[in-house]
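K.L.:
What follows is a single structure, and I will ask about it in a moment.
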Amino acid sequence: MKNFEFYAPTRVIFGRGTHEQVGKIIREYGFSRVFLHYGGGSIKKTGLYDAVVSSLTENGIAYTELGGVQANPTLSFAKKGIELCRAFGAELVLAVGGGSAIDSAKIIAVGAKNEGDPWRFSMKEDVPKAALPIATILTLAATGSEMSASAVITNEELGLKRGYNSPFHRPLFSILNPELTFTLPPYQTACGIVDIMMHTLERYMTQSSEFELTDRVAESVLKTVIAAGAAAMKDPSDYDARANLMWAGSLSHNDLTGCGRDFFMASHQLEHEVSGMFPQVAHGAGLAVIFPAWARYVLPHNVARTAQYAVRVWNCEMNFDHPEKTALEGIERTAAFFTSIGMPSRLSEFGITADAIPLMAEKCTNFGKRTLPGVVTLDKPEIEDIFRLCL
Ligand code: NZQ
Ligand code: ZN
């Protein structure tokens, strides 16, 4: 087991009706000026916006707002938020929505407290020295941004999507009401299921020495998400299924399923190039295509681990003479599950063709400045190979 640090400081308020407490909770911290940030309009359609605004007003909290964050959020929009946030003198940034609204809020919270272009933080050329506190009301179980240290943003001028971690990104509190996810379109529910699984699975597919407890926690999360995912796809208002997905989403990316391991999220890095250049690709949908291709590509170097996953998560029978067959069965079961919930299996389904591959691979290596570590070190030729397998 590797040495590790676990830090999950976000206060989680979980359950039915909890979003109505938002104003009261903000008051407990003594804040009275809030910057409210949300996506393209789903919260207005569902009535959540009205409930949030009422709760703020009833508790005497002044707010200004910026709605309209797009899926795969952009730096230019976040910069607009930074200006508004500073001009208003906000004391807290409140994101209401999915990972896009939350990540955009994180960039704003940091940008409001640091002069200069926040993109330098995304490029890891500098680190933020302060940030406004962030709170979230989650409407989509997927990214885990409601507890994570990451913020992912696209610089649309450069066509580059980059994530970076900072302790300032961990929300002060997150309100998780599974009922708020009943209105999700099936496609977004499915994208979320894939993303949750990937946050745990990418941590699981490691070469470092094993940590039994972390393995068992991860396997439990994966099995729960597979069952709850299928149930939520069948009945979008199944509260228990939605609740399991929501909590699994938070636990998958708050580092719990990575304790005591070295890991590198290669499929995520590959996917960010895809949705960075082609914003019509939802993050989870991109992962559904990339992960099976990556797993097959690195399989010769990762047989034991992948076979353990196949046996423990998918109940495959271990073939002791040919463990690689068991491992492959686990990958194929994963790919089939993704297809069964309506996820794509090819990048060509998004109109992406082979011509895009060299540039995506070039960007993935930060123009020759990095390779992707992990089960196998991936440089530009290997990255291109994997993208080709995805077409
Ligand atoms: O914009 P609105 O109108 O709100 O609609 C959204 C959006 O169209 C809709 N939606 C959300 N909740 C809804 C709803 N529609 C109906 N009912 C609801 N309850 O769903 C669409 C997608 O929302 P979005 O926030 O983009 O999805 P997601 O949560 O999957 O976030 C994706 C972004 O997060 C990044 C991804 O790369 C992508 O940019 N990630 C962030 C991470 C982090 N910060 O830790 C980790 C992840 O690996 C990921 O990279
Ligand atoms: Zn993800």
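Each chain of the structure tokens is named A, B, ... in the order shown, its residues numbered from 1; ligands are numbered from 1 in display order.
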As a VMD selection string, please: every protein or nucleic acid residue near ligand 2 (cut-off 9 Å, counting only C-alpha atoms and all ligand atoms).
P.N.:
chain A and resid 142 to 144 192 194 to 199 253 268 271 283 to 284 287
K.L.:
Mind checking which residues fall within 8 Å of Asp240 of chain A, counting only C-alpha atoms, ignoring those fewer than 3 positions away in the same chain, and posting them as a compact mmCIF listing (two decimals) with N, CA, C and O atoms, in the first residue's frame?
P.N.:
```txt
# COMPACT_ATOMS: atom_id res chain seq x y z
N ALA A 228 -27.86 0.37 -10.04
CA ALA A 228 -28.69 1.58 -9.89
C ALA A 228 -28.83 2.28 -11.24
O ALA A 228 -29.88 2.86 -11.54
N ALA A 243 -30.53 8.04 -5.73
CA ALA A 243 -29.73 8.35 -4.54
C ALA A 243 -28.41 7.59 -4.56
O ALA A 243 -27.35 8.14 -4.26
N ASN A 244 -28.47 6.32 -4.95
CA ASN A 244 -27.23 5.54 -5.04
C ASN A 244 -26.28 6.14 -6.07
O ASN A 244 -25.07 6.24 -5.85
```
K.L.:
I'd like to know which of A:Ile107, A:Ala141, A:Ile61, A:Ala78 is closest to ligand 1, using only C-alpha atoms and all ligand atoms.
P.N.:
A:Ala141
K.L.:
List as a Markdown table every residue of chain A that is in contact with ligand 1, defined as an atom at most 6 Å from one of its atoms (using only C-alpha atoms and all ligand atoms), together with the nearest atom pair and the distance in Å rounded to one decimal, sorted by chain and then rising number.
P.N.:
```
| residue | atom | partner | partner_atom_place_in_ligand_line | distance |
| --- | --- | --- | --- | --- |
| A:Gly39 | CA | ligand 1 | 1 (O) | 3.5 |
| A:Gly40 | CA | ligand 1 | 3 (O) | 3.5 |
| A:Gly41 | CA | ligand 1 | 3 (O) | 3.9 |
| A:Ser42 | CA | ligand 1 | 3 (O) | 3.7 |
| A:Ile43 | CA | ligand 1 | 4 (O) | 5.9 |
| A:Gln70 | CA | ligand 1 | 1 (O) | 5.7 |
| A:Ala71 | CA | ligand 1 | 26 (O) | 3.4 |
| A:Asn72 | CA | ligand 1 | 39 (O) | 3.7 |
| A:Pro73 | CA | ligand 1 | 39 (O) | 5.8 |
| A:Gly97 | CA | ligand 1 | 12 (N) | 5.3 |
| A:Gly98 | CA | ligand 1 | 25 (O) | 3.3 |
| A:Gly99 | CA | ligand 1 | 31 (O) | 3.4 |
| A:Ser100 | CA | ligand 1 | 25 (O) | 3.7 |
| A:Ala101 | CA | ligand 1 | 25 (O) | 5.7 |
| A:Asp103 | CA | ligand 1 | 44 (N) | 5.4 |
| A:Thr139 | CA | ligand 1 | 19 (N) | 4.2 |
| A:Leu140 | CA | ligand 1 | 12 (N) | 4.6 |
| A:Ala142 | CA | ligand 1 | 29 (O) | 5.2 |
| A:Thr143 | CA | ligand 1 | 47 (C) | 4.3 |
| A:Gly144 | CA | ligand 1 | 45 (O) | 5.4 |
| A:Ser145 | CA | ligand 1 | 45 (O) | 3.9 |
| A:Ser148 | CA | ligand 1 | 45 (O) | 5.1 |
| A:Ser150 | CA | ligand 1 | 45 (O) | 4.3 |
| A:Ala151 | CA | ligand 1 | 44 (N) | 4.1 |
| A:Val152 | CA | ligand 1 | 41 (C) | 5.3 |
| A:Leu180 | CA | ligand 1 | 19 (N) | 5.2 |
| A:Thr181 | CA | ligand 1 | 19 (N) | 4.2 |
| A:Thr183 | CA | ligand 1 | 17 (N) | 4.2 |
| A:Leu184 | CA | ligand 1 | 17 (N) | 3.8 |
| A:Gln188 | CA | ligand 1 | 20 (O) | 5.7 |
| A:Gly192 | CA | ligand 1 | 30 (O) | 5.7 |
| A:His283 | CA | ligand 1 | 37 (O) | 5.1 |
```
K.L.:
Kindly export the residues of the current selection with N, CA, C and O atoms, as a short mmCIF file (atom, residue, chain, number, x, y, z; two decimals), in the first residue's frame.
P.N.:
```
data_model
loop_
_atom_site.label_atom_id
_atom_site.label_comp_id
_atom_site.auth_asym_id
_atom_site.auth_seq_id
_atom_site.Cartn_x
_atom_site.Cartn_y
_atom_site.Cartn_z
N GLY A 39 -26.66 26.75 -15.42
CA GLY A 39 -26.50 26.36 -16.82
C GLY A 39 -27.49 26.99 -17.76
O GLY A 39 -27.96 28.12 -17.56
N GLY A 40 -27.84 26.20 -18.78
CA GLY A 40 -28.60 26.76 -19.90
C GLY A 40 -30.09 26.92 -19.69
O GLY A 40 -30.79 27.34 -20.59
N GLY A 41 -30.61 26.58 -18.54
CA GLY A 41 -32.04 26.83 -18.34
C GLY A 41 -32.82 25.71 -17.70
O GLY A 41 -33.97 25.90 -17.33
N SER A 42 -32.22 24.52 -17.53
CA SER A 42 -32.99 23.41 -16.96
C SER A 42 -33.52 23.79 -15.57
O SER A 42 -34.63 23.44 -15.21
N ILE A 43 -32.74 24.57 -14.81
CA ILE A 43 -33.21 24.86 -13.43
C ILE A 43 -34.41 25.80 -13.43
O ILE A 43 -35.15 25.85 -12.46
N GLN A 70 -22.57 26.70 -20.64
CA GLN A 70 -22.82 25.60 -21.58
C GLN A 70 -22.14 24.32 -21.12
O GLN A 70 -21.21 24.37 -20.32
N ALA A 71 -22.67 23.19 -21.60
CA ALA A 71 -22.02 21.91 -21.31
C ALA A 71 -20.62 21.98 -21.93
O ALA A 71 -20.46 22.50 -23.05
N ASN A 72 -19.61 21.47 -21.25
CA ASN A 72 -18.21 21.72 -21.60
C ASN A 72 -17.97 23.24 -21.51
O ASN A 72 -17.86 23.93 -22.53
N PRO A 73 -17.91 23.75 -20.29
CA PRO A 73 -17.92 25.21 -20.08
C PRO A 73 -16.67 25.89 -20.64
O PRO A 73 -15.61 25.28 -20.75
N GLY A 97 -26.44 23.15 -10.60
CA GLY A 97 -26.42 22.42 -11.87
C GLY A 97 -25.52 21.22 -11.83
O GLY A 97 -25.27 20.63 -10.77
N GLY A 98 -25.01 20.86 -13.02
CA GLY A 98 -24.11 19.72 -13.15
C GLY A 98 -22.65 20.16 -13.08
O GLY A 98 -22.34 21.29 -12.65
N GLY A 99 -21.78 19.29 -13.55
CA GLY A 99 -20.34 19.56 -13.47
C GLY A 99 -19.94 20.83 -14.21
O GLY A 99 -19.02 21.54 -13.78
N SER A 100 -20.63 21.16 -15.29
CA SER A 100 -20.24 22.34 -16.06
C SER A 100 -20.46 23.61 -15.26
O SER A 100 -19.57 24.48 -15.20
N ALA A 101 -21.64 23.74 -14.66
CA ALA A 101 -21.91 24.94 -13.85
C ALA A 101 -20.96 24.99 -12.65
O ALA A 101 -20.45 26.05 -12.30
N ASP A 103 -17.92 23.60 -12.32
CA ASP A 103 -16.52 23.90 -12.72
C ASP A 103 -16.36 25.36 -13.11
O ASP A 103 -15.37 26.00 -12.76
N THR A 139 -27.46 18.89 -9.70
CA THR A 139 -28.65 18.39 -10.42
C THR A 139 -28.32 17.21 -11.34
O THR A 139 -29.19 16.74 -12.06
N LEU A 140 -27.08 16.77 -11.34
CA LEU A 140 -26.68 15.69 -12.24
C LEU A 140 -25.60 14.85 -11.57
O LEU A 140 -24.53 15.39 -11.24
N ALA A 142 -22.68 12.73 -11.74
CA ALA A 142 -21.73 12.41 -12.80
C ALA A 142 -20.29 12.71 -12.40
O ALA A 142 -19.53 11.80 -12.08
N THR A 143 -19.95 14.00 -12.41
CA THR A 143 -18.54 14.38 -12.37
C THR A 143 -17.90 14.28 -10.99
O THR A 143 -16.68 14.20 -10.89
N GLY A 144 -18.70 14.35 -9.95
CA GLY A 144 -18.13 14.39 -8.61
C GLY A 144 -17.54 15.75 -8.27
O GLY A 144 -16.94 15.93 -7.21
N SER A 145 -17.74 16.73 -9.14
CA SER A 145 -17.16 18.06 -8.90
C SER A 145 -17.67 18.66 -7.59
O SER A 145 -17.02 19.52 -6.99
N SER A 148 -14.97 17.34 -5.44
CA SER A 148 -13.61 17.15 -5.95
C SER A 148 -12.77 18.42 -5.90
O SER A 148 -13.29 19.53 -5.76
N SER A 150 -11.01 19.21 -8.52
CA SER A 150 -10.75 19.55 -9.93
C SER A 150 -11.70 20.60 -10.48
O SER A 150 -12.85 20.70 -10.04
N ALA A 151 -11.21 21.31 -11.47
CA ALA A 151 -12.07 22.19 -12.28
C ALA A 151 -11.60 22.04 -13.72
O ALA A 151 -10.40 22.14 -14.01
N VAL A 152 -12.54 21.77 -14.62
CA VAL A 152 -12.20 21.53 -16.03
C VAL A 152 -12.84 22.63 -16.86
O VAL A 152 -14.04 22.89 -16.72
N LEU A 180 -33.80 15.96 -7.58
CA LEU A 180 -33.50 16.98 -8.59
C LEU A 180 -32.97 16.36 -9.89
O LEU A 180 -32.85 17.04 -10.90
N THR A 181 -32.63 15.07 -9.84
CA THR A 181 -32.11 14.42 -11.05
C THR A 181 -33.20 13.66 -11.82
O THR A 181 -32.93 13.10 -12.88
N THR A 183 -35.49 14.77 -13.58
CA THR A 183 -35.84 15.42 -14.86
C THR A 183 -34.75 15.26 -15.92
O THR A 183 -34.90 15.78 -17.03
N LEU A 184 -33.68 14.59 -15.59
CA LEU A 184 -32.59 14.47 -16.58
C LEU A 184 -33.03 13.70 -17.82
O LEU A 184 -33.71 12.67 -17.69
N GLN A 188 -28.34 12.08 -20.65
CA GLN A 188 -27.47 12.69 -19.63
C GLN A 188 -27.33 11.77 -18.42
O GLN A 188 -26.26 11.71 -17.81
N GLY A 192 -23.75 10.32 -17.16
CA GLY A 192 -23.35 10.40 -15.75
C GLY A 192 -22.93 9.03 -15.21
O GLY A 192 -21.93 8.92 -14.50
N HIS A 283 -18.95 14.59 -22.04
CA HIS A 283 -17.78 13.94 -21.42
C HIS A 283 -18.01 12.43 -21.21
O HIS A 283 -17.18 11.60 -21.60
#
```
K.L.:
Hey, can you check how far atom CA of Gly159 of chain A sits from atom CA of Asn114 of chain A?
P.N.:
23.8 Å
K.L.:
If we count only C-alpha atoms, what is near Gly81 of chain A at a cut-off of 10 Å, once residues fewer than 2 positions away on the same chain are taken out, given as a list in words?
P.N.:
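So the residues in contact are Phe35, Leu36, His37, Glu65, Leu66, Gly67, Val69, Leu75, Ser76, Phe77, Ala78, Lys79, Glu83, Leu84, Cys85, Arg86, Ala87, Ser104, Ala105, Ile107, Ile108, Ala109, Gly111 and Ala112 of chain A.
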K.L.:
Next, dump the selected residues to file, keeping only N, CA, C and O atoms, as a compact mmCIF listing (two decimals), in the first residue's frame.
P.N.:
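Everything below was put into part-v4.txt:
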```txt
# COMPACT_ATOMS: atom_id res chain seq x y z
N PHE A 35 -22.98 35.00 -5.39
CA PHE A 35 -22.98 34.99 -6.86
C PHE A 35 -23.58 33.65 -7.30
O PHE A 35 -23.01 32.59 -7.04
N LEU A 36 -24.75 33.72 -7.93
CA LEU A 36 -25.49 32.51 -8.33
C LEU A 36 -25.16 32.18 -9.79
O LEU A 36 -25.29 33.04 -10.67
N HIS A 37 -24.73 30.93 -10.01
CA HIS A 37 -24.24 30.55 -11.34
C HIS A 37 -24.94 29.26 -11.76
O HIS A 37 -25.01 28.30 -10.97
N GLU A 65 -26.57 37.19 -10.47
CA GLU A 65 -26.54 35.88 -11.11
C GLU A 65 -25.97 35.91 -12.52
O GLU A 65 -25.99 36.95 -13.20
N LEU A 66 -25.46 34.78 -12.92
CA LEU A 66 -25.08 34.57 -14.32
C LEU A 66 -25.48 33.14 -14.69
O LEU A 66 -24.87 32.17 -14.23
N GLY A 67 -26.53 33.04 -15.51
CA GLY A 67 -26.94 31.74 -16.03
C GLY A 67 -26.37 31.59 -17.44
O GLY A 67 -25.84 32.54 -18.00
N VAL A 69 -24.30 28.81 -18.50
CA VAL A 69 -23.07 28.00 -18.66
C VAL A 69 -23.39 26.87 -19.64
O VAL A 69 -24.39 26.17 -19.46
N LEU A 75 -13.88 29.22 -21.00
CA LEU A 75 -13.11 30.19 -20.23
C LEU A 75 -13.67 31.60 -20.41
O LEU A 75 -13.77 32.36 -19.44
N SER A 76 -14.08 31.94 -21.64
CA SER A 76 -14.53 33.33 -21.86
C SER A 76 -15.79 33.60 -21.03
O SER A 76 -15.96 34.70 -20.50
N PHE A 77 -16.65 32.61 -20.91
CA PHE A 77 -17.87 32.81 -20.11
C PHE A 77 -17.53 32.95 -18.63
O PHE A 77 -18.09 33.78 -17.92
N ALA A 78 -16.59 32.13 -18.19
CA ALA A 78 -16.17 32.22 -16.78
C ALA A 78 -15.55 33.60 -16.50
O ALA A 78 -15.75 34.17 -15.43
N LYS A 79 -14.83 34.13 -17.47
CA LYS A 79 -14.21 35.45 -17.27
C LYS A 79 -15.29 36.53 -17.08
O LYS A 79 -15.13 37.45 -16.28
N GLU A 83 -15.78 39.03 -13.64
CA GLU A 83 -16.01 40.50 -13.59
C GLU A 83 -17.27 40.82 -12.78
O GLU A 83 -17.26 41.69 -11.92
N LEU A 84 -18.36 40.08 -13.08
CA LEU A 84 -19.63 40.33 -12.38
C LEU A 84 -19.49 40.06 -10.87
O LEU A 84 -20.00 40.80 -10.04
N CYS A 85 -18.79 39.00 -10.57
CA CYS A 85 -18.61 38.58 -9.19
C CYS A 85 -17.83 39.63 -8.40
O CYS A 85 -18.21 40.00 -7.29
N ARG A 86 -16.78 40.14 -9.01
CA ARG A 86 -15.98 41.19 -8.35
C ARG A 86 -16.80 42.46 -8.17
O ARG A 86 -16.80 43.06 -7.10
N ALA A 87 -17.51 42.85 -9.26
CA ALA A 87 -18.27 44.11 -9.21
C ALA A 87 -19.33 44.05 -8.12
O ALA A 87 -19.61 45.03 -7.45
N SER A 104 -17.34 25.90 -13.82
CA SER A 104 -17.27 27.30 -14.19
C SER A 104 -17.26 28.16 -12.92
O SER A 104 -16.50 29.13 -12.80
N ALA A 105 -18.06 27.75 -11.93
CA ALA A 105 -18.09 28.47 -10.64
C ALA A 105 -16.73 28.42 -9.95
O ALA A 105 -16.30 29.39 -9.32
N ILE A 107 -13.78 28.21 -11.43
CA ILE A 107 -12.86 29.12 -12.14
C ILE A 107 -13.16 30.56 -11.72
O ILE A 107 -12.25 31.37 -11.52
N ILE A 108 -14.45 30.87 -11.55
CA ILE A 108 -14.85 32.22 -11.14
C ILE A 108 -14.38 32.50 -9.71
O ILE A 108 -13.83 33.57 -9.42
N ALA A 109 -14.59 31.54 -8.82
CA ALA A 109 -14.22 31.74 -7.41
C ALA A 109 -12.72 32.00 -7.28
O ALA A 109 -12.29 32.82 -6.48
N GLY A 111 -10.76 33.07 -9.92
CA GLY A 111 -10.46 34.28 -10.70
C GLY A 111 -10.79 35.56 -9.94
O GLY A 111 -10.10 36.57 -10.08
N ALA A 112 -11.85 35.49 -9.11
CA ALA A 112 -12.25 36.70 -8.37
C ALA A 112 -11.20 37.11 -7.35
O ALA A 112 -11.14 38.26 -6.94
```
K.L.:
Distance table requested - segment 203-261 of chain A against segment 311-335 of chain A, cut-off 8 Å, only C-alpha atoms: one row per qualifying residue with the closest atom pair and its distance in Å to one decimal, ordered by chain and rising residue number, as a tab-separated table.
P.N.:
```
residue	atom	partner	partner_atom	distance
A:Glu219	CA	A:Val313	CA	5.9
A:Ser220	CA	A:Val313	CA	8.0
A:Leu222	CA	A:Val313	CA	6.9
A:Lys223	CA	A:Val313	CA	5.8
```
K.L.:
Going by DSSP on the backbone, which bits of segment 260-334 of chain A are helix (DSSP H, G or I)? Write them as a PyMOL selection string, please.
P.N.:
chain A and resi 266-277+283-301+303-314+323-334
K.L.:
With only C-alpha atoms as the counted atoms, please give the residues lying no more than 12 Å from Lys129 of chain A, apart from itself and same-chain residues fewer than 2 positions off, as an NGL selection string.
P.N.:
:A and (109-115 or 118 or 121 or 126-127 or 131-132 or 166-169)
K.L.:
Would you mind writing down, as a list in words, each residue of segment 70-286 of chain A that DSSP on the backbone assigns to strand (DSSP E or B)?
P.N.:
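Written out, the strand (DSSP E or B) residues of segment 70-286 of chain A are Thr74, Leu92, Val93, Leu94, Ala95, Val96, Gly97, Ile134, Ala135, Thr136, Ile137, Leu138, Ser150, Ala151, Val152, Ile153, Thr154, Asn155, Leu160, Lys161, Arg162, Gly163, Tyr164, Asn165, Phe173, Ser174, Ile175 and Leu176 of chain A.
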K.L.:
Under the rule that only C-alpha atoms are counted, which of A:Ala95, A:Phe173, A:Thr57, A:Ile193 is the nearest residue to Glu28 of chain A?
P.N.:
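Closest candidate: A:Phe173.
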K.L.:
As a list in words, please: the residues near Thr365 of chain A (cut-off 12 Å, only C-alpha atoms, same-chain neighbours under 3 positions excluded).
P.N.:
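Contacts, with the query itself left out: Leu160, Ala266, Gln269, Leu270, His272, Glu273, Pro358, Leu359, Met360, Ala361, Glu362, Gly368, Lys369, Arg370, Thr371, Leu372, Pro373, Thr377, Leu378, Asp379, Lys380, Pro381, Glu382, Ile383 and Glu384 of chain A.
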K.L.:
The selected residues should be written to file as a PDB file, in the first residue's frame (atoms: N, CA and C atoms).
P.N.:
```pdb
ATOM      1  N   LEU A 160      -8.597  23.986 -26.419  1.00  0.00           N
ATOM      2  CA  LEU A 160      -7.960  23.129 -25.412  1.00  0.00           C
ATOM      3  C   LEU A 160      -8.836  23.043 -24.175  1.00  0.00           C
ATOM      4  N   ALA A 266      -5.835   7.953 -17.682  1.00  0.00           N
ATOM      5  CA  ALA A 266      -5.471   8.125 -19.090  1.00  0.00           C
ATOM      6  C   ALA A 266      -6.697   8.334 -19.982  1.00  0.00           C
ATOM      7  N   GLN A 269      -7.776  11.842 -19.870  1.00  0.00           N
ATOM      8  CA  GLN A 269      -6.919  12.779 -20.627  1.00  0.00           C
ATOM      9  C   GLN A 269      -7.230  12.684 -22.120  1.00  0.00           C
ATOM     10  N   LEU A 270      -7.421  11.459 -22.590  1.00  0.00           N
ATOM     11  CA  LEU A 270      -7.745  11.276 -24.018  1.00  0.00           C
ATOM     12  C   LEU A 270      -9.099  11.915 -24.323  1.00  0.00           C
ATOM     13  N   HIS A 272     -10.640  14.380 -22.824  1.00  0.00           N
ATOM     14  CA  HIS A 272     -10.667  15.849 -22.789  1.00  0.00           C
ATOM     15  C   HIS A 272     -10.238  16.447 -24.134  1.00  0.00           C
ATOM     16  N   GLU A 273      -9.380  15.735 -24.851  1.00  0.00           N
ATOM     17  CA  GLU A 273      -9.005  16.247 -26.187  1.00  0.00           C
ATOM     18  C   GLU A 273     -10.187  16.137 -27.146  1.00  0.00           C
ATOM     19  N   PRO A 358      -4.323  13.275 -35.583  1.00  0.00           N
ATOM     20  CA  PRO A 358      -2.978  13.808 -35.271  1.00  0.00           C
ATOM     21  C   PRO A 358      -3.020  15.041 -34.362  1.00  0.00           C
ATOM     22  N   LEU A 359      -3.958  15.947 -34.601  1.00  0.00           N
ATOM     23  CA  LEU A 359      -4.018  17.153 -33.767  1.00  0.00           C
ATOM     24  C   LEU A 359      -4.482  16.827 -32.340  1.00  0.00           C
ATOM     25  N   MET A 360      -5.468  15.922 -32.229  1.00  0.00           N
ATOM     26  CA  MET A 360      -5.919  15.543 -30.874  1.00  0.00           C
ATOM     27  C   MET A 360      -4.750  14.913 -30.102  1.00  0.00           C
ATOM     28  N   ALA A 361      -3.976  14.069 -30.783  1.00  0.00           N
ATOM     29  CA  ALA A 361      -2.843  13.406 -30.112  1.00  0.00           C
ATOM     30  C   ALA A 361      -1.759  14.427 -29.757  1.00  0.00           C
ATOM     31  N   GLU A 362      -1.535  15.364 -30.666  1.00  0.00           N
ATOM     32  CA  GLU A 362      -0.546  16.420 -30.432  1.00  0.00           C
ATOM     33  C   GLU A 362      -0.933  17.233 -29.182  1.00  0.00           C
ATOM     34  N   GLY A 368       4.090  17.810 -27.379  1.00  0.00           N
ATOM     35  CA  GLY A 368       5.384  17.137 -27.190  1.00  0.00           C
ATOM     36  C   GLY A 368       6.002  17.333 -25.816  1.00  0.00           C
ATOM     37  N   LYS A 369       5.258  17.962 -24.903  1.00  0.00           N
ATOM     38  CA  LYS A 369       5.867  18.245 -23.583  1.00  0.00           C
ATOM     39  C   LYS A 369       5.540  17.190 -22.532  1.00  0.00           C
ATOM     40  N   ARG A 370       4.662  16.229 -22.831  1.00  0.00           N
ATOM     41  CA  ARG A 370       4.371  15.205 -21.823  1.00  0.00           C
ATOM     42  C   ARG A 370       3.978  13.892 -22.501  1.00  0.00           C
ATOM     43  N   THR A 371       4.134  12.822 -21.746  1.00  0.00           N
ATOM     44  CA  THR A 371       3.555  11.540 -22.152  1.00  0.00           C
ATOM     45  C   THR A 371       2.506  11.207 -21.094  1.00  0.00           C
ATOM     46  N   LEU A 372       1.640  10.245 -21.395  1.00  0.00           N
ATOM     47  CA  LEU A 372       0.643   9.831 -20.404  1.00  0.00           C
ATOM     48  C   LEU A 372       1.159   8.589 -19.697  1.00  0.00           C
ATOM     49  N   PRO A 373       1.393   8.680 -18.386  1.00  0.00           N
ATOM     50  CA  PRO A 373       1.875   7.494 -17.673  1.00  0.00           C
ATOM     51  C   PRO A 373       0.720   6.520 -17.417  1.00  0.00           C
ATOM     52  N   THR A 377       3.058   3.643 -20.717  1.00  0.00           N
ATOM     53  CA  THR A 377       3.284   5.051 -21.041  1.00  0.00           C
ATOM     54  C   THR A 377       2.851   5.296 -22.483  1.00  0.00           C
ATOM     55  N   LEU A 378       2.025   6.307 -22.649  1.00  0.00           N
ATOM     56  CA  LEU A 378       1.500   6.591 -23.987  1.00  0.00           C
ATOM     57  C   LEU A 378       2.134   7.866 -24.518  1.00  0.00           C
ATOM     58  N   ASP A 379       2.790   7.739 -25.669  1.00  0.00           N
ATOM     59  CA  ASP A 379       3.307   8.922 -26.372  1.00  0.00           C
ATOM     60  C   ASP A 379       2.433   9.110 -27.616  1.00  0.00           C
ATOM     61  N   LYS A 380       2.814  10.071 -28.443  1.00  0.00           N
ATOM     62  CA  LYS A 380       1.919  10.413 -29.555  1.00  0.00           C
ATOM     63  C   LYS A 380       1.512   9.200 -30.419  1.00  0.00           C
ATOM     64  N   PRO A 381       2.453   8.313 -30.809  1.00  0.00           N
ATOM     65  CA  PRO A 381       2.028   7.192 -31.671  1.00  0.00           C
ATOM     66  C   PRO A 381       0.991   6.286 -30.994  1.00  0.00           C
ATOM     67  N   GLU A 382       1.198   6.018 -29.698  1.00  0.00           N
ATOM     68  CA  GLU A 382       0.250   5.134 -28.993  1.00  0.00           C
ATOM     69  C   GLU A 382      -1.110   5.838 -28.828  1.00  0.00           C
ATOM     70  N   ILE A 383      -1.051   7.146 -28.559  1.00  0.00           N
ATOM     71  CA  ILE A 383      -2.308   7.896 -28.400  1.00  0.00           C
ATOM     72  C   ILE A 383      -3.080   7.863 -29.724  1.00  0.00           C
ATOM     73  N   GLU A 384      -2.352   8.034 -30.822  1.00  0.00           N
ATOM     74  CA  GLU A 384      -3.017   7.975 -32.143  1.00  0.00           C
ATOM     75  C   GLU A 384      -3.616   6.588 -32.368  1.00  0.00           C
TER      76      GLU A 384
END
```
K.L.:
Go through A:Tyr309, A:Trp247, A:Phe350, A:Phe278 and flag the residue nearest Ser174 of chain A, using only C-alpha atoms for the distances.
P.N.:
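Of the candidates, the smallest distance to Ser174 of chain A is held by A:Trp247.
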K.L.:
Within 12 Å of Leu48 of chain A, counting only C-alpha atoms, which residues show up once you throw out same-chain ones fewer than 2 positions away? Write them as a PyMOL selection string, please.
P.N.:
chain A and resi 17-20+22+38+41-46+50-55+96-97+137-139+177+179-181+183
K.L.:
Selected residues, C-alpha atoms, written as a short mmCIF file (atom, residue, chain, number, x, y, z; two decimals), in the first residue's frame, please.
P.N.:
```
data_model
loop_
_atom_site.label_atom_id
_atom_site.label_comp_id
_atom_site.auth_asym_id
_atom_site.auth_seq_id
_atom_site.Cartn_x
_atom_site.Cartn_y
_atom_site.Cartn_z
CA GLY A 17 -36.13 18.64 -0.09
CA THR A 18 -32.64 19.65 1.07
CA HIS A 19 -32.23 22.36 -1.60
CA GLU A 20 -34.81 24.45 0.25
CA VAL A 22 -29.76 26.69 0.96
CA TYR A 38 -26.16 28.01 -13.42
CA GLY A 41 -32.04 26.83 -18.34
CA SER A 42 -32.99 23.41 -16.96
CA ILE A 43 -33.21 24.86 -13.43
CA LYS A 44 -35.79 27.40 -14.59
CA LYS A 45 -37.90 24.71 -16.26
CA THR A 46 -37.85 22.45 -13.22
CA ASP A 50 -37.48 29.78 -8.03
CA ALA A 51 -36.95 27.61 -4.96
CA VAL A 52 -33.31 28.71 -4.62
CA VAL A 53 -34.08 32.39 -5.10
CA SER A 54 -36.92 32.22 -2.56
CA SER A 55 -34.67 30.57 -0.02
CA VAL A 96 -26.69 25.15 -9.25
CA GLY A 97 -26.42 22.42 -11.87
CA ILE A 137 -26.72 22.35 -5.47
CA LEU A 138 -26.17 19.32 -7.68
CA THR A 139 -28.65 18.39 -10.42
CA ASN A 177 -31.12 15.98 -3.46
CA GLU A 179 -35.10 14.12 -6.66
CA LEU A 180 -33.50 16.98 -8.59
CA THR A 181 -32.11 14.42 -11.05
CA THR A 183 -35.84 15.42 -14.86
#
```
K.L.:
Calculate how many Å separate atom CA of Ala307 of chain A from atom CA of Tyr204 of chain A, rounding to one decimal.
P.N.:
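Atom-to-atom, atom CA of Ala307 of chain A and atom CA of Tyr204 of chain A are spaced 12.0 Å apart.
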K.L.:
From the options A:Ala90, A:Leu347, A:Asn254, A:Gly260, which residue's atoms come nearest to Glu5 of chain A, counting only C-alpha atoms?
P.N.:
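Between A:Ala90, A:Leu347, A:Asn254, A:Gly260, the residue approaching Glu5 of chain A most closely is A:Gly260.
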K.L.:
By how many Å are atom CA of Thr224 of chain A and atom CA of Ala8 of chain A apart?
P.N.:
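A separation of 21.5 Å between them.
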